[in-house]
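Enquirer: Shown below is the structure under consideration.
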Amino acid sequence: ILNVSMNELYNPFVGKDVKKEDLTGMIKQTDRIEDIIIKAFQKIIYKNASDQTRELTGMHMIIKEIIKKYIVQILNSDLKNCPFYIVSLEKEYRSIIHCNSQGRICNIQIGGIIDRIDRYNGKTRIIDYKTGTGKLFFDGIESLFTSRPSKRNEAALQVFLYSYLYQCKFHENPVVPCLVYVRESHSHDFSWMLKDRSDRSEELSFTKYFNLFEELLKSTLENLIDPSVPFIQTDD
């Protein structure tokens, strides 16, 4: 619901700059934000294809208020980093990985729908909204492919995969993967930037990881399709 609502708010700006006055105007339009959230409920929760709006009750009313708060927090966060140019919203990107399986080349198609791609301050930001909790750090790119789930930052892996899909199609530098944990967006030190604890780098450019990420992704896929490699249950 949050993704659909943010998409509706920013959709008129695809291919355009979002300026300070645009954001301040949206923040003030609380009734419009609420209407957008209600429409998202009709589409996603109630599967309502008619023009008649189903009234929100009980827990859905509470969720609506929480999402409205999150949206305003995201807009206020964007206000600190504007203007920015919106490239795409909720758009699917795909790529082909050429894998070797028992001497045969297999073409595996991978893809994903990226919440938001924008350009700010000379950087292309790959943005993934998260309503849950999570971490903004990881311990080197190899840790994202470990077989131990407790050691793997899956949200970081997801947004890195999105960055890979985008950079396969558009060879831009730098591409910056960003995770927006909206529950934390009210904090004074709120950040979208991932941190690599293996070299203490921050505001990562995906470009320096591209080749190794592709190599590890290819290796993982080749293991998955190799009939001689058994599936095993992890300890955790």
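Ligands are numbered from 1 in the order shown, residues from 1 within each chain, and chains are lettered A, B, ... in the order they appear in the structure tokens.
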Find the spatial neighbours of region 31-36 of chain A, counting only C-alpha atoms, within a cut-off of 10 Å - ignore same-chain residues fewer than 2 positions away - and output them as a list in words.
Expert: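 Result of the neighbour search: Ile1, Leu2, Val4, Ser5, Met6, Asn7, Glu8, Leu9, Met26, Ile27, Lys28, Gln29, Ile38, Lys39, Ala40, Phe41, Gln42, Lys64, Glu65, Ile67, Lys68, Lys69, Ile71 and Val72 of chain A.
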Enquirer: Could you name the residues that touch Ala156 (chain A) at 12 Å or less, counting only C-alpha atoms, but leaving out those on the same chain fewer than 5 positions away, as a PyMOL selection string?
Expert: chain A and resi 126-130+134-145+151+161-163+176-181+192-196+204+206
Enquirer: So, counting only C-alpha atoms, which residue among A:Ile232, A:Ile117, A:Cys99, A:Val175 is closest to Glu214 (chain A)?
Expert: A:Cys99
Enquirer: To one decimal place, how far is CA of Ser187 (chain A) from CA of Lys80 (chain A) in Å?
Expert: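 Rounded to one decimal, the two atoms are 13.2 Å apart.
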Enquirer: Show me, as a list in words, the residues that have an atom within 10 Å of region 165-170 of chain A when counting only C-alpha atoms, minus same-chain residues fewer than 6 positions from it.
Expert: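 Non-adjacent residues within range: Glu92, Tyr93, Arg94, Ser95, Ile96, Ile110, Gly111, Gly112, Ile114, Ile117, Thr124, Ile126, Val159, Phe206, Thr207 and Phe210 of chain A.
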Enquirer: Could you write out that same residue set with N, CA and C atoms as a PDB file, in the first residue's frame?
Expert:
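Here's the written file out.pdb:
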```
ATOM      1  N   GLU A  92       9.595  -2.535 -14.000  1.00  0.00           N
ATOM      2  CA  GLU A  92      10.311  -3.812 -14.048  1.00  0.00           C
ATOM      3  C   GLU A  92      11.556  -3.690 -14.910  1.00  0.00           C
ATOM      4  N   TYR A  93      12.658  -4.212 -14.403  1.00  0.00           N
ATOM      5  CA  TYR A  93      13.917  -4.282 -15.147  1.00  0.00           C
ATOM      6  C   TYR A  93      14.350  -5.741 -15.198  1.00  0.00           C
ATOM      7  N   ARG A  94      14.902  -6.141 -16.352  1.00  0.00           N
ATOM      8  CA  ARG A  94      15.303  -7.528 -16.541  1.00  0.00           C
ATOM      9  C   ARG A  94      16.694  -7.619 -17.158  1.00  0.00           C
ATOM     10  N   SER A  95      17.326  -8.784 -16.958  1.00  0.00           N
ATOM     11  CA  SER A  95      18.623  -9.050 -17.584  1.00  0.00           C
ATOM     12  C   SER A  95      18.781 -10.560 -17.752  1.00  0.00           C
ATOM     13  N   ILE A  96      19.721 -10.945 -18.582  1.00  0.00           N
ATOM     14  CA  ILE A  96      20.014 -12.361 -18.843  1.00  0.00           C
ATOM     15  C   ILE A  96      21.385 -12.699 -18.272  1.00  0.00           C
ATOM     16  N   ILE A 110      16.608 -12.933 -15.128  1.00  0.00           N
ATOM     17  CA  ILE A 110      16.304 -12.433 -13.790  1.00  0.00           C
ATOM     18  C   ILE A 110      15.666 -11.055 -13.934  1.00  0.00           C
ATOM     19  N   GLY A 111      14.909 -10.669 -12.944  1.00  0.00           N
ATOM     20  CA  GLY A 111      14.264  -9.359 -13.023  1.00  0.00           C
ATOM     21  C   GLY A 111      13.644  -8.960 -11.703  1.00  0.00           C
ATOM     22  N   GLY A 112      13.190  -7.741 -11.648  1.00  0.00           N
ATOM     23  CA  GLY A 112      12.539  -7.239 -10.447  1.00  0.00           C
ATOM     24  C   GLY A 112      11.887  -5.895 -10.713  1.00  0.00           C
ATOM     25  N   ILE A 114      11.432  -2.255  -9.436  1.00  0.00           N
ATOM     26  CA  ILE A 114      12.156  -1.313  -8.587  1.00  0.00           C
ATOM     27  C   ILE A 114      11.224  -0.182  -8.168  1.00  0.00           C
ATOM     28  N   ILE A 117      13.575   4.977  -9.021  1.00  0.00           N
ATOM     29  CA  ILE A 117      14.917   5.347  -9.476  1.00  0.00           C
ATOM     30  C   ILE A 117      14.910   6.842  -9.733  1.00  0.00           C
ATOM     31  N   THR A 124      22.764   8.306  -9.642  1.00  0.00           N
ATOM     32  CA  THR A 124      21.504   7.597  -9.867  1.00  0.00           C
ATOM     33  C   THR A 124      21.225   6.739  -8.650  1.00  0.00           C
ATOM     34  N   ILE A 126      19.040   3.961  -6.653  1.00  0.00           N
ATOM     35  CA  ILE A 126      18.127   2.832  -6.759  1.00  0.00           C
ATOM     36  C   ILE A 126      17.476   2.682  -5.382  1.00  0.00           C
ATOM     37  N   VAL A 159      18.438  -4.895  -3.065  1.00  0.00           N
ATOM     38  CA  VAL A 159      18.662  -3.600  -3.711  1.00  0.00           C
ATOM     39  C   VAL A 159      19.947  -3.617  -4.537  1.00  0.00           C
ATOM     40  N   PHE A 206      27.659   1.376  -6.739  1.00  0.00           N
ATOM     41  CA  PHE A 206      27.566  -0.033  -7.093  1.00  0.00           C
ATOM     42  C   PHE A 206      28.619  -0.425  -8.123  1.00  0.00           C
ATOM     43  N   THR A 207      29.104   0.545  -8.892  1.00  0.00           N
ATOM     44  CA  THR A 207      30.030   0.254  -9.984  1.00  0.00           C
ATOM     45  C   THR A 207      31.244  -0.549  -9.515  1.00  0.00           C
ATOM     46  N   PHE A 210      30.279  -4.182  -9.236  1.00  0.00           N
ATOM     47  CA  PHE A 210      29.545  -4.806 -10.349  1.00  0.00           C
ATOM     48  C   PHE A 210      30.138  -6.149 -10.756  1.00  0.00           C
TER      49      PHE A 210
END
```
Enquirer: Work out how far apart CA of Asp226 (chain A) and CA of Phe213 (chain A) are and give it in Å to one decimal.
Expert: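 CA of Asp226 (chain A) sits 19.9 Å away from CA of Phe213 (chain A).
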Enquirer: Here is a test: counting only C-alpha atoms, which residue of A:Ile113, A:Asn153, A:Thr57, A:Ser101 is nearest to Asn223 (chain A)?
Expert: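 That would be A:Ser101, the residue with the smallest distance to Asn223 (chain A).
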Enquirer: From region 30-234 of chain A, collect each residue whose DSSP state is helix (DSSP H, G or I) and return the set as number ranges by chain.
Expert: A: 30-44, 59-79, 141-145, 149-151, 154-169, 182-184, 206-225
Enquirer: When DSSP works through the backbone of this structure, what residues of region 71-116 of chain A end up as strand (DSSP E), shown as a VMD selection string?
Expert: chain A and resid 84 to 101 104 to 116
